[in-house]
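For reference, target_6.cif is printed below; it contains mmCIF, C-alpha atoms and all ligand atoms.
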```cif
data_structure
#
loop_
_atom_site.label_atom_id
_atom_site.label_comp_id
_atom_site.auth_asym_id
_atom_site.auth_seq_id
_atom_site.Cartn_x
_atom_site.Cartn_y
_atom_site.Cartn_z
CA MET A 1 20.06 -5.89 25.03
CA TYR A 2 18.59 -3.52 22.43
CA LYS A 3 18.14 -0.01 23.80
CA ILE A 4 15.18 1.97 22.45
CA LYS A 5 14.72 5.62 23.33
CA THR A 6 11.15 6.88 23.19
CA TYR A 7 9.84 10.40 22.74
CA ASN A 8 6.19 11.44 23.19
CA GLN A 9 3.42 9.33 24.66
CA ILE A 10 3.61 5.96 22.90
CA SER A 11 0.67 3.55 23.24
CA VAL A 12 1.32 0.78 25.77
CA LYS A 13 0.15 -1.77 23.19
CA GLY A 14 3.16 -0.80 21.06
CA LEU A 15 5.61 -0.71 23.96
CA ASP A 16 4.41 -4.14 25.08
CA ARG A 17 5.55 -5.64 21.76
CA PHE A 18 9.19 -5.44 22.89
CA PRO A 19 10.23 -8.58 24.82
CA ARG A 20 11.64 -7.32 28.12
CA ASP A 21 14.46 -9.91 28.12
CA ARG A 22 15.88 -8.41 24.90
CA TYR A 23 14.89 -4.75 25.14
CA GLU A 24 15.31 -1.74 27.36
CA VAL A 25 12.72 0.84 26.33
CA ALA A 26 12.70 4.23 28.05
CA SER A 27 12.52 7.98 27.47
CA GLU A 28 15.88 8.43 29.24
CA ILE A 29 18.41 5.93 27.95
CA GLY A 30 22.06 6.12 26.88
CA HIS A 31 23.51 4.68 23.64
CA PRO A 32 20.19 3.86 21.91
CA ILE A 33 20.21 1.69 18.82
CA ALA A 34 16.78 3.06 17.87
CA TYR A 35 14.26 5.81 18.56
CA LEU A 36 10.50 5.36 18.72
CA LEU A 37 8.55 8.61 18.59
CA ARG A 38 5.55 10.56 17.34
CA SER A 39 5.75 14.30 16.54
CA HIS A 40 8.82 15.31 18.59
CA LYS A 41 11.13 17.41 16.39
CA LEU A 42 14.60 15.88 16.10
CA HIS A 43 16.25 18.31 13.67
CA ASP A 44 18.32 20.08 16.32
CA GLU A 45 19.35 17.02 18.35
CA VAL A 46 22.78 15.42 18.21
CA ILE A 47 22.61 12.00 16.52
CA PRO A 48 24.13 9.31 18.77
CA GLU A 49 26.88 7.16 17.21
CA THR A 50 24.93 4.05 18.20
CA LEU A 51 21.69 5.01 16.40
CA ARG A 52 20.71 2.68 13.54
CA ALA A 53 16.94 3.17 13.17
CA VAL A 54 14.19 5.70 13.90
CA ALA A 55 10.55 4.65 13.90
CA ARG A 56 7.94 7.39 13.54
CA ALA A 57 4.60 6.14 14.92
CA GLY A 58 2.60 8.15 12.39
CA ALA A 59 2.63 9.26 8.76
CA GLY A 60 4.41 12.63 8.56
CA VAL A 61 8.22 12.56 8.88
CA ASN A 62 8.89 16.30 8.66
CA ASN A 63 10.01 16.14 12.32
CA LEU A 64 12.99 13.94 11.34
CA PRO A 65 16.34 15.02 9.76
CA ILE A 66 15.97 12.44 6.99
CA GLU A 67 18.91 13.65 4.89
CA ALA A 68 21.31 13.42 7.85
CA TYR A 69 19.97 9.96 8.75
CA THR A 70 20.47 8.72 5.19
CA GLN A 71 24.07 9.93 5.17
CA ARG A 72 24.68 8.14 8.48
CA GLY A 73 22.99 4.91 7.29
CA ILE A 74 20.15 5.31 9.80
CA VAL A 75 16.90 3.77 8.59
CA ALA A 76 13.80 5.92 9.17
CA PHE A 77 10.41 4.21 9.27
CA ASN A 78 6.85 5.52 9.35
CA THR A 79 3.49 3.75 9.64
CA PRO A 80 1.56 4.47 6.44
CA GLY A 81 -2.20 4.24 6.77
CA ALA A 82 -2.16 3.30 10.46
CA ASN A 83 -3.91 6.51 11.53
CA ALA A 84 -5.74 7.29 8.27
CA ASN A 85 -9.19 6.39 9.57
CA ALA A 86 -8.79 8.69 12.58
CA VAL A 87 -7.91 11.62 10.31
CA LYS A 88 -10.76 10.79 7.93
CA GLU A 89 -13.25 10.91 10.81
CA LEU A 90 -11.91 14.29 11.99
CA VAL A 91 -12.20 15.63 8.43
CA LEU A 92 -15.84 14.51 8.52
CA ALA A 93 -16.25 16.45 11.77
CA GLY A 94 -14.58 19.45 10.09
CA LEU A 95 -16.96 19.27 7.13
CA LEU A 96 -19.97 19.15 9.45
CA LEU A 97 -18.67 21.93 11.70
CA GLY A 98 -18.00 24.04 8.62
CA SER A 99 -21.35 23.49 6.97
CA ARG A 100 -23.67 24.03 9.96
CA GLY A 101 -23.70 26.66 12.70
CA ILE A 102 -22.70 24.04 15.26
CA THR A 103 -19.85 25.73 17.15
CA GLN A 104 -21.46 29.17 16.95
CA GLY A 105 -24.87 27.79 18.04
CA MET A 106 -23.36 25.83 20.93
CA SER A 107 -21.40 28.88 22.11
CA TYR A 108 -24.57 30.97 21.96
CA VAL A 109 -26.53 28.43 24.04
CA GLN A 110 -23.82 28.57 26.73
CA THR A 111 -24.42 32.35 27.09
CA LEU A 112 -28.00 31.83 28.28
CA THR A 113 -27.15 30.91 31.87
CA ASP A 114 -29.19 33.76 33.32
CA ILE A 115 -32.48 32.42 31.90
CA GLY A 116 -34.08 30.23 34.57
CA ASP A 117 -37.28 29.30 32.76
CA ALA A 118 -37.20 26.46 30.21
CA ALA A 119 -40.22 27.75 28.26
CA ALA A 120 -38.63 31.22 27.96
CA MET A 121 -35.36 29.64 26.83
CA SER A 122 -37.13 27.54 24.23
CA LYS A 123 -39.02 30.58 22.89
CA LEU A 124 -35.80 32.58 22.59
CA LEU A 125 -33.94 29.73 20.88
CA GLU A 126 -36.72 29.32 18.30
CA GLN A 127 -36.39 33.05 17.48
CA GLU A 128 -32.59 33.01 17.35
CA LYS A 129 -31.85 29.71 15.59
CA LYS A 130 -32.05 31.29 12.14
CA ARG A 131 -28.65 32.85 12.91
CA PHE A 132 -27.14 29.36 12.99
CA ALA A 133 -28.66 27.85 9.86
CA GLY A 134 -26.24 26.11 7.50
CA GLN A 135 -26.03 24.16 4.31
CA GLU A 136 -26.09 20.45 3.52
CA LEU A 137 -23.04 18.63 2.24
CA TYR A 138 -25.27 16.64 -0.12
CA GLY A 139 -24.53 17.58 -3.73
CA LYS A 140 -21.61 19.89 -2.86
CA THR A 141 -18.14 19.28 -4.31
CA LEU A 142 -15.16 18.25 -2.20
CA GLY A 143 -11.68 18.72 -3.65
CA VAL A 144 -9.09 16.34 -2.20
CA VAL A 145 -5.45 17.34 -2.65
CA GLY A 146 -3.23 14.27 -2.17
CA LEU A 147 -4.96 10.93 -2.75
CA GLY A 148 -2.79 8.66 -0.59
CA ALA A 149 -3.87 6.70 2.49
CA ILE A 150 -5.90 9.54 4.04
CA GLY A 151 -7.01 11.37 0.89
CA SER A 152 -8.52 8.24 -0.66
CA MET A 153 -10.47 7.47 2.54
CA VAL A 154 -11.71 11.07 2.70
CA ALA A 155 -12.80 10.84 -0.95
CA GLU A 156 -14.68 7.61 -0.28
CA MET A 157 -16.35 9.08 2.81
CA ALA A 158 -17.48 12.18 0.87
CA LEU A 159 -18.97 10.02 -1.88
CA ALA A 160 -20.93 8.14 0.80
CA LEU A 161 -22.35 11.54 1.88
CA ASP A 162 -23.50 12.06 -1.73
CA MET A 163 -20.93 14.77 -2.34
CA LYS A 164 -19.16 15.06 -5.67
CA VAL A 165 -15.42 14.51 -5.35
CA VAL A 166 -12.59 15.93 -7.43
CA GLY A 167 -8.97 15.01 -6.68
CA PHE A 168 -5.44 16.06 -7.52
CA ASP A 169 -2.29 14.02 -6.98
CA PRO A 170 0.53 14.21 -9.53
CA ALA A 171 2.48 11.34 -7.96
CA LEU A 172 -0.28 8.86 -7.18
CA SER A 173 1.18 5.41 -6.44
CA VAL A 174 -0.23 2.38 -8.26
CA GLU A 175 -1.46 0.99 -4.93
CA ALA A 176 -3.25 4.28 -4.11
CA ALA A 177 -4.76 4.41 -7.61
CA TRP A 178 -6.29 0.95 -7.07
CA ARG A 179 -7.79 2.11 -3.76
CA LEU A 180 -9.37 5.22 -5.19
CA PRO A 181 -13.10 5.07 -6.02
CA SER A 182 -13.68 5.48 -9.78
CA GLN A 183 -16.20 8.29 -9.16
CA VAL A 184 -13.39 10.61 -8.06
CA GLN A 185 -12.83 13.04 -10.93
CA LYS A 186 -9.11 13.60 -11.48
CA MET A 187 -8.05 17.24 -11.92
CA GLU A 188 -5.01 18.23 -13.98
CA ASN A 189 -3.65 20.72 -11.48
CA LEU A 190 -4.28 22.37 -8.13
CA GLN A 191 -5.81 25.50 -9.66
CA SER A 192 -8.53 23.60 -11.50
CA LEU A 193 -9.30 21.58 -8.35
CA LEU A 194 -9.66 24.80 -6.36
CA ALA A 195 -11.94 26.27 -9.01
CA HIS A 196 -14.26 23.25 -8.92
CA ALA A 197 -14.67 22.72 -5.17
CA ASP A 198 -16.95 24.05 -2.42
CA TYR A 199 -14.73 22.35 0.18
CA VAL A 200 -11.01 21.63 -0.26
CA SER A 201 -9.22 19.13 1.97
CA LEU A 202 -5.40 18.88 1.99
CA HIS A 203 -3.71 15.49 2.47
CA VAL A 204 -0.16 15.95 1.19
CA PRO A 205 3.09 15.49 3.13
CA ALA A 206 5.10 18.52 4.27
CA LEU A 207 7.92 18.64 1.72
CA GLU A 208 9.86 21.45 0.10
CA SER A 209 7.59 20.96 -2.96
CA THR A 210 4.37 21.33 -0.92
CA ARG A 211 5.50 24.22 1.29
CA HIS A 212 2.91 27.02 1.01
CA MET A 213 1.14 25.27 -1.87
CA ILE A 214 -1.85 27.23 -0.57
CA ASN A 215 -0.71 30.83 -0.94
CA ARG A 216 -1.96 34.24 -2.11
CA GLU A 217 -1.88 33.18 -5.74
CA THR A 218 -3.46 29.73 -5.46
CA LEU A 219 -6.16 31.06 -3.11
CA GLN A 220 -7.35 33.30 -5.94
CA SER A 221 -8.48 30.20 -7.85
CA LEU A 222 -10.93 29.26 -5.08
CA ARG A 223 -14.65 29.50 -5.53
CA PRO A 224 -15.78 32.53 -3.49
CA GLY A 225 -16.90 31.42 -0.03
CA ALA A 226 -15.25 27.99 -0.25
CA THR A 227 -14.05 26.18 2.88
CA LEU A 228 -10.44 25.03 3.22
CA LEU A 229 -9.62 22.10 5.51
CA ASN A 230 -6.02 21.43 6.54
CA PHE A 231 -5.48 18.26 8.54
CA ALA A 232 -2.08 17.69 6.88
CA ARG A 233 0.57 20.16 8.13
CA ASP A 234 0.93 23.87 8.95
CA ALA A 235 3.75 24.42 6.43
CA ILE A 236 1.52 23.50 3.48
CA VAL A 237 -0.58 26.61 3.99
CA ASP A 238 0.63 30.22 4.12
CA SER A 239 -1.56 31.31 7.02
CA ALA A 240 -1.00 35.04 6.39
CA ALA A 241 -2.42 34.49 2.89
CA VAL A 242 -5.34 32.58 4.40
CA VAL A 243 -6.14 35.48 6.73
CA ALA A 244 -5.95 37.95 3.82
CA SER A 245 -8.25 35.75 1.71
CA LEU A 246 -10.74 35.38 4.58
CA ASP A 247 -10.70 39.17 5.09
CA ALA A 248 -11.27 39.71 1.37
CA GLY A 249 -14.23 37.31 1.40
CA GLN A 250 -12.66 34.91 -1.11
CA LEU A 251 -12.07 32.07 1.33
CA GLY A 252 -15.20 31.47 3.41
CA GLN A 253 -13.71 29.42 6.25
CA TYR A 254 -10.47 27.78 7.31
CA ILE A 255 -10.70 24.58 9.36
CA CYS A 256 -7.40 23.18 10.51
CA ASP A 257 -5.47 21.01 12.94
CA PHE A 258 -2.64 23.56 13.22
CA PRO A 259 -3.53 26.78 15.06
CA GLU A 260 -1.26 29.81 14.68
CA PRO A 261 -1.58 33.14 16.51
CA CYS A 262 -2.92 34.97 13.43
CA LEU A 263 -5.77 32.45 13.14
CA LEU A 264 -7.18 32.85 16.64
CA GLY A 265 -10.20 34.93 17.65
CA ARG A 266 -11.89 34.65 14.25
CA SER A 267 -15.37 33.28 13.70
CA ASP A 268 -14.34 32.05 10.22
CA VAL A 269 -11.57 29.80 11.58
CA ILE A 270 -12.03 26.52 13.42
CA ALA A 271 -8.68 25.33 14.78
CA MET A 272 -7.94 22.09 16.59
CA PRO A 273 -4.76 21.20 18.53
CA HIS A 274 -3.23 18.59 16.14
CA ILE A 275 -5.65 15.84 17.17
CA GLY A 276 -6.10 14.20 13.76
CA ALA A 277 -4.42 10.99 14.90
CA SER A 278 -5.43 11.25 18.56
CA THR A 279 -7.67 8.23 18.95
CA ALA A 280 -6.90 5.17 21.03
CA GLU A 281 -7.15 3.03 17.91
CA ALA A 282 -4.81 5.13 15.75
CA GLU A 283 -2.26 5.51 18.54
CA GLU A 284 -2.26 1.73 19.06
CA ASN A 285 -2.10 0.92 15.35
CA CYS A 286 0.83 3.30 14.81
CA ALA A 287 2.76 2.17 17.88
CA VAL A 288 2.30 -1.54 17.14
CA MET A 289 3.26 -1.12 13.48
CA ALA A 290 6.30 1.00 14.35
CA ALA A 291 7.46 -1.45 17.04
CA ASP A 292 7.02 -4.48 14.76
CA GLN A 293 8.92 -2.84 11.90
CA LEU A 294 11.70 -1.84 14.28
CA MET A 295 12.01 -5.36 15.71
CA ASP A 296 12.06 -6.98 12.25
CA PHE A 297 14.90 -4.61 11.37
CA LEU A 298 16.83 -5.23 14.59
CA HIS A 299 16.34 -9.02 14.65
CA ASN A 300 16.50 -9.76 10.92
CA GLY A 301 17.79 -6.65 9.17
CA ASN A 302 14.58 -6.49 7.09
CA ILE A 303 13.21 -3.08 6.09
CA LYS A 304 9.51 -2.35 5.56
CA ASN A 305 7.94 1.11 5.27
CA SER A 306 11.13 3.10 5.40
CA VAL A 307 11.08 6.64 4.03
CA ASN A 308 14.80 6.69 3.14
CA PHE A 309 15.89 3.07 2.54
CA PRO A 310 14.55 0.51 0.03
CA PRO A 311 12.08 -2.18 1.07
CA ILE A 312 14.09 -5.38 1.53
CA SER A 313 13.66 -8.70 3.30
CA MET A 314 15.07 -12.21 3.23
CA ALA A 315 13.96 -15.32 5.10
CA ARG A 316 16.57 -16.54 7.61
CA ASN A 317 18.77 -19.31 6.24
CA GLY A 318 20.35 -20.40 9.50
CA GLY A 319 23.95 -19.36 10.04
CA CYS A 320 24.71 -15.75 10.78
CA ARG A 321 23.38 -12.57 9.15
CA ILE A 322 25.46 -9.57 8.13
CA THR A 323 23.74 -6.37 6.97
CA PHE A 324 25.42 -3.29 5.64
CA SER A 325 24.46 0.02 4.09
CA ASN A 326 26.57 1.86 1.57
CA GLU A 327 26.62 4.85 -0.72
CA ASN A 328 24.97 3.80 -3.95
CA VAL A 329 28.08 3.55 -6.14
CA SER A 330 29.31 0.57 -8.13
CA GLY A 331 31.69 -2.08 -6.80
CA VAL A 332 30.92 -1.92 -3.06
CA LEU A 333 29.09 -5.25 -2.83
CA GLY A 334 31.88 -6.90 -4.87
CA HIS A 335 34.49 -5.62 -2.45
CA VAL A 336 32.54 -6.85 0.56
CA LEU A 337 32.11 -10.30 -1.03
CA SER A 338 35.88 -10.45 -1.67
CA VAL A 339 36.50 -9.66 2.01
CA LEU A 340 34.27 -12.61 2.92
CA ALA A 341 35.92 -14.88 0.33
CA ASP A 342 39.45 -13.87 1.45
CA ASN A 343 38.50 -14.85 5.00
CA GLU A 344 36.86 -18.13 3.88
CA VAL A 345 33.41 -17.05 5.07
CA ASN A 346 30.87 -18.99 2.99
CA VAL A 347 27.83 -17.00 1.73
CA LEU A 348 24.50 -18.89 1.96
CA ASP A 349 22.19 -16.28 0.47
CA MET A 350 22.08 -12.56 -0.13
CA VAL A 351 19.96 -9.66 -1.33
CA ASN A 352 20.87 -6.11 -2.33
CA LYS A 353 18.60 -3.12 -3.03
CA SER A 354 19.17 0.58 -3.61
CA ARG A 355 17.18 3.78 -3.24
CA GLU A 356 18.49 7.08 -4.54
CA GLN A 357 21.89 7.67 -2.90
CA VAL A 358 21.95 4.59 -0.62
CA ALA A 359 22.07 0.82 -0.97
CA TYR A 360 21.38 -1.86 1.62
CA ASN A 361 22.46 -5.49 1.72
CA ILE A 362 21.57 -8.63 3.65
CA ILE A 363 24.05 -11.51 3.51
CA ASP A 364 23.58 -14.83 5.31
CA VAL A 365 26.88 -16.61 5.99
CA GLU A 366 27.57 -20.12 7.23
CA GLN A 367 29.50 -19.27 10.36
CA SER A 368 29.84 -16.25 12.65
CA PRO A 369 32.58 -14.06 11.16
CA HIS A 370 35.48 -12.90 13.29
CA ASP A 371 35.35 -9.26 14.45
CA SER A 372 38.29 -8.48 12.16
CA VAL A 373 36.19 -9.53 9.12
CA ILE A 374 33.45 -7.09 10.15
CA ASP A 375 36.07 -4.37 10.67
CA SER A 376 37.38 -5.05 7.15
CA ILE A 377 33.85 -4.73 5.72
CA ALA A 378 33.35 -1.47 7.62
CA ALA A 379 36.62 -0.22 6.11
CA VAL A 380 35.51 -0.84 2.49
CA ASP A 381 35.13 2.47 0.64
CA HIS A 382 31.53 3.82 0.67
CA VAL A 383 30.29 1.37 3.33
CA ILE A 384 28.31 3.39 5.90
CA THR A 385 27.13 0.93 8.58
CA VAL A 386 27.61 -2.80 9.24
CA ARG A 387 25.69 -5.02 11.64
CA VAL A 388 26.06 -8.68 12.56
CA ILE A 389 22.83 -10.34 13.66
CA ALA A 390 23.19 -13.68 15.41
N1 LIG A 401 -3.46 15.84 11.54
C1 LIG A 401 -2.81 14.74 11.85
O1 LIG A 401 -2.69 14.37 13.00
C2 LIG A 401 -2.23 13.91 10.75
C3 LIG A 401 -2.29 12.50 10.87
C4 LIG A 401 -1.75 11.72 9.84
C5 LIG A 401 -1.15 12.33 8.75
N2 LIG A 401 -1.11 13.68 8.69
C6 LIG A 401 -0.46 14.35 7.53
O2 LIG A 401 -1.11 13.91 6.35
C7 LIG A 401 -0.12 13.64 5.37
C8 LIG A 401 -0.65 12.61 4.40
O3 LIG A 401 -0.79 11.37 5.04
P1 LIG A 401 -1.09 10.02 4.23
O4 LIG A 401 -1.05 8.93 5.23
O5 LIG A 401 -2.30 10.17 3.37
O6 LIG A 401 0.21 9.97 3.29
P2 LIG A 401 0.39 9.24 1.89
O7 LIG A 401 1.84 9.21 1.63
O8 LIG A 401 -0.36 7.96 1.86
O9 LIG A 401 -0.32 10.23 0.84
C9 LIG A 401 0.19 11.47 0.48
C10 LIG A 401 -0.18 11.71 -0.98
O10 LIG A 401 0.15 13.06 -1.31
C11 LIG A 401 0.57 13.04 -2.66
N3 LIG A 401 1.29 14.27 -2.99
C12 LIG A 401 2.59 14.59 -2.76
N4 LIG A 401 2.86 15.82 -3.23
C13 LIG A 401 1.71 16.29 -3.78
C14 LIG A 401 1.35 17.51 -4.42
N5 LIG A 401 2.24 18.49 -4.61
N6 LIG A 401 0.08 17.67 -4.84
C15 LIG A 401 -0.85 16.69 -4.66
N7 LIG A 401 -0.55 15.49 -4.08
C16 LIG A 401 0.70 15.32 -3.63
C17 LIG A 401 1.41 11.78 -2.80
O11 LIG A 401 1.56 11.39 -4.14
C18 LIG A 401 0.60 10.81 -1.97
O12 LIG A 401 -0.31 10.08 -2.77
C19 LIG A 401 1.10 13.16 6.19
O13 LIG A 401 2.31 13.36 5.49
C20 LIG A 401 1.03 14.01 7.43
O14 LIG A 401 1.77 15.20 7.27
C21 LIG A 401 -1.63 14.49 9.65
O1 LIG A 402 1.37 11.44 16.63
C1 LIG A 402 0.46 12.23 16.47
O2 LIG A 402 -0.35 12.51 17.33
C2 LIG A 402 0.28 12.94 15.15
C3 LIG A 402 0.67 12.11 13.96
C4 LIG A 402 0.36 12.75 12.65
O3 LIG A 402 0.66 14.09 12.57
C5 LIG A 402 1.01 11.98 11.53
O4 LIG A 402 1.69 12.58 10.69
O5 LIG A 402 0.81 10.76 11.49
#
```

Written as structure tokens, that's how I'd like the structure from this file.
Amino acid sequence: MYKIKTYNQISVKGLDRFPRDRYEVASEIGHPIAYLLRSHKLHDEVIPETLRAVARAGAGVNNLPIEAYTQRGIVAFNTPGANANAVKELVLAGLLLGSRGITQGMSYVQTLTDIGDAAAMSKLLEQEKKRFAGQELYGKTLGVVGLGAIGSMVAEMALALDMKVVGFDPALSVEAAWRLPSQVQKMENLQSLLAHADYVSLHVPALESTRHMINRETLQSLRPGATLLNFARDAIVDSAAVVASLDAGQLGQYICDFPEPCLLGRSDVIAMPHIGASTAEAEENCAVMAADQLMDFLHNGNIKNSVNFPPISMARNGGCRITFSNENVSGVLGHVLSVLADNEVNVLDMVNKSREQVAYNIIDVEQSPHDSVIDSIAAVDHVITVRVIA
């Protein structure tokens, strides 16, 4: 039985992927081989000895202690692109809320409860509506910071609204570059993007290198009155600097999915409770993708969409499968193969890949190796984890 511990509300469609005769899936479970979760923060939790994989049903992995997992040979997965459309649609809502007096106008209408006469209400509204006039998005410039799964969809959506789009992404993948509409004008750096945009939308991961990328200094490059949208992560924006820039009239509005106390009670801030990926479709897509990736890893040892291990897969060749992870130093695979040879275990097929400080190996062997062979592999210098998959 594989034991999967869940955190957060995981879509039933994802949970239903696990065959009940092979899996126990629960929020309270001892000795889990894997975790399945959304945004729950795991940095301060003790890592169980039995843990081999963590599947994040979502894009951001800043809630996971990735470095510690890598050292322990634990494979961390995410679900790239599975919730991108949901975020794109909320960015569209943010652009519309920021360009028109929608929230302010709606709040005003709700104050008119003491007017009983429809004609009187209509007359008053016609007088007052000028206070809620806005601007059209048509012809304005959107700056997209980070042109990955979400950023490229946001760029495409803005072009469909007849906005101009400028983008900045110093580490654009080849796949993302192919996806990106050619009309997106590439900027050389963040400062020039900020200087060219009426609206700026952030779509970068929360990393040490992106922490407070929007700060007192970078905010000075903004066009006066520009709108900043942050549906990426709180840590990317220095919110104290945002408040100072709003107060100084440099930044016009801040629209975000990450409220903080200093942002509340302001008419120039629209804050949502981290609902970028909160649609039935996105929750299902993420949960199904995470569950499928986890099962392929547990049943076959294959790795797809890991954030700390290399992509690797091999078709089953019959026989028995051994997988192992090791520190990425020379000679480890050779040692493991000698262990197999010394014990007369015949190798049918194998594949080996590395990523930064770790390597991962799949070896199909003719017959099920004795436990002592697996113990000998585990004892090879620099081997981190070993699994035998029937
Ligand atoms: N609000 C939500 O609920 C919600 C939902 C999904 C994702 N997110 C956040 O959005 C982030 C992006 O998601 P994605 O699916 O588009 O990820 P992605 O990996 O497809 O794209 C991220 C892009 O950012 C780029 N990037 C990295 N550092 C950069 C920098 N310094 N400047 C400019 N670009 C940089 C990368 O090269 C990559 O192309 C996630 O990491 C997550 O934190 C939030
Ligand atoms: O699970 C969620 O609701 C949020 C997920 C989102 O922040 C992500 O990074 O994919």

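Between ligand LIG 401 (chain A) and the residues A:Gly167, A:Pro19, A:Gly94, A:Gly73, the shortest atom-to-atom distance, using only C-alpha atoms and all ligand atoms, involves A:Gly167.
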
**Message:** Please list as a list in words every residue within 12 Å of A:Ile389, counting all atoms listed in the file and excluding residues in the same chain fewer than 5 positions away.
**Reply:** Tyr2, Asp296, Phe297, Leu298, His299, Asn300, Gly301, Asn302, Arg316, Gly318, Gly319, Cys320, Arg321, Ile322, Thr323, Phe324, Ile362, Ile363, Asp364, Val365, Gln367, Ser368, Pro369 and Ile374 of chain A

**Asked** Which of these, A:Arg38, A:Arg216, A:Lys304, A:Arg223, has the shortest distance to ligand LIG 401 (chain A) once you count only C-alpha atoms and all ligand atoms?
**Response** A:Arg38

**Asked** Hey, which of A:His203, A:Lys164, A:Lys140, A:His43 ends up closest to A:Tyr69? Count only C-alpha atoms.
**Response** A:His43

Around all of ligand LIG 401 (chain A)'s listed atoms, make the axis-aligned box with 3 Å on each side and tell me centre and edge lengths in Å to one decimal, as JSON.
```
{"center_x": -0.3, "center_y": 13.2, "center_z": 4.1, "size_x": 12.3, "size_y": 16.5, "size_z": 23.8}
```

Which residues of chain A come within 9 Å of ligand LIG 401 (chain A), and what is each one's closest atom pair and distance in Å (one decimal), counting only C-alpha atoms and all ligand atoms, sorted by chain and residue number, as a Markdown table?
```
| residue | atom | partner | partner_atom | distance |
| --- | --- | --- | --- | --- |
| A:Gly58 | CA | A:LIG401 | C4 | 6.2 |
| A:Ala59 | CA | A:LIG401 | C5 | 4.9 |
| A:Gly60 | CA | A:LIG401 | O13 | 3.8 |
| A:Val61 | CA | A:LIG401 | O13 | 6.9 |
| A:Asn62 | CA | A:LIG401 | O14 | 7.3 |
| A:Thr79 | CA | A:LIG401 | O4 | 8.2 |
| A:Pro80 | CA | A:LIG401 | O4 | 5.3 |
| A:Gly81 | CA | A:LIG401 | O4 | 5.1 |
| A:Ala82 | CA | A:LIG401 | O4 | 7.8 |
| A:Asn83 | CA | A:LIG401 | C4 | 5.9 |
| A:Ala84 | CA | A:LIG401 | O4 | 5.8 |
| A:Ala86 | CA | A:LIG401 | C3 | 7.7 |
| A:Val87 | CA | A:LIG401 | C3 | 5.7 |
| A:Leu90 | CA | A:LIG401 | N1 | 8.6 |
| A:Val144 | CA | A:LIG401 | C15 | 8.6 |
| A:Val145 | CA | A:LIG401 | C15 | 5.1 |
| A:Gly146 | CA | A:LIG401 | N7 | 3.5 |
| A:Leu147 | CA | A:LIG401 | O12 | 4.7 |
| A:Gly148 | CA | A:LIG401 | O9 | 3.3 |
| A:Ala149 | CA | A:LIG401 | O8 | 3.8 |
| A:Ile150 | CA | A:LIG401 | O5 | 3.7 |
| A:Gly151 | CA | A:LIG401 | O5 | 5.5 |
| A:Ser152 | CA | A:LIG401 | O5 | 7.7 |
| A:Met153 | CA | A:LIG401 | O5 | 8.6 |
| A:Gly167 | CA | A:LIG401 | C15 | 8.5 |
| A:Phe168 | CA | A:LIG401 | C15 | 5.4 |
| A:Asp169 | CA | A:LIG401 | N7 | 3.7 |
| A:Pro170 | CA | A:LIG401 | C15 | 5.6 |
| A:Ala171 | CA | A:LIG401 | O11 | 3.9 |
| A:Leu172 | CA | A:LIG401 | O11 | 4.4 |
| A:Ser173 | CA | A:LIG401 | O12 | 6.1 |
| A:Ala176 | CA | A:LIG401 | O12 | 6.6 |
| A:Ala177 | CA | A:LIG401 | O12 | 8.7 |
| A:Asn189 | CA | A:LIG401 | N6 | 8.2 |
| A:Leu190 | CA | A:LIG401 | N6 | 7.2 |
| A:Leu202 | CA | A:LIG401 | O2 | 7.9 |
| A:His203 | CA | A:LIG401 | C8 | 4.6 |
| A:Val204 | CA | A:LIG401 | O10 | 3.8 |
| A:Pro205 | CA | A:LIG401 | O13 | 3.3 |
| A:Ala206 | CA | A:LIG401 | O14 | 5.6 |
| A:Leu207 | CA | A:LIG401 | N4 | 7.6 |
| A:Ser209 | CA | A:LIG401 | N5 | 6.1 |
| A:Thr210 | CA | A:LIG401 | N5 | 5.1 |
| A:Arg211 | CA | A:LIG401 | N5 | 8.8 |
| A:Met213 | CA | A:LIG401 | N5 | 7.4 |
| A:Asn230 | CA | A:LIG401 | N1 | 7.9 |
| A:Phe231 | CA | A:LIG401 | N1 | 4.4 |
| A:Ala232 | CA | A:LIG401 | C6 | 3.8 |
| A:Arg233 | CA | A:LIG401 | O14 | 5.2 |
| A:Asp234 | CA | A:LIG401 | O14 | 8.9 |
| A:Cys256 | CA | A:LIG401 | N1 | 8.4 |
| A:Asp257 | CA | A:LIG401 | N1 | 5.7 |
| A:Phe258 | CA | A:LIG401 | N1 | 7.9 |
| A:Pro273 | CA | A:LIG401 | N1 | 8.9 |
| A:His274 | CA | A:LIG401 | O1 | 5.3 |
| A:Ile275 | CA | A:LIG401 | O1 | 5.3 |
| A:Gly276 | CA | A:LIG401 | O1 | 3.5 |
| A:Ala277 | CA | A:LIG401 | O1 | 4.2 |
| A:Ser278 | CA | A:LIG401 | O1 | 6.9 |
```

**Message:** What does the structure give for the distance between atom CA of A:Gln253 and atom CA of A:Ala155, in Å to one decimal?
**Reply:**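 Computed distance, atom CA of A:Gln253 to atom CA of A:Ala155, equals 19.9 Å.
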
**Message:** Just the number, please: distance in Å from atom CA of A:Pro310 to atom CA of A:Leu333, one decimal.
**Reply:** 15.9 Å

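Nearest to A:Leu222 of all the residues A:Glu327, A:Asp198, A:Glu281, A:Glu28 is A:Asp198, based on only C-alpha atoms.
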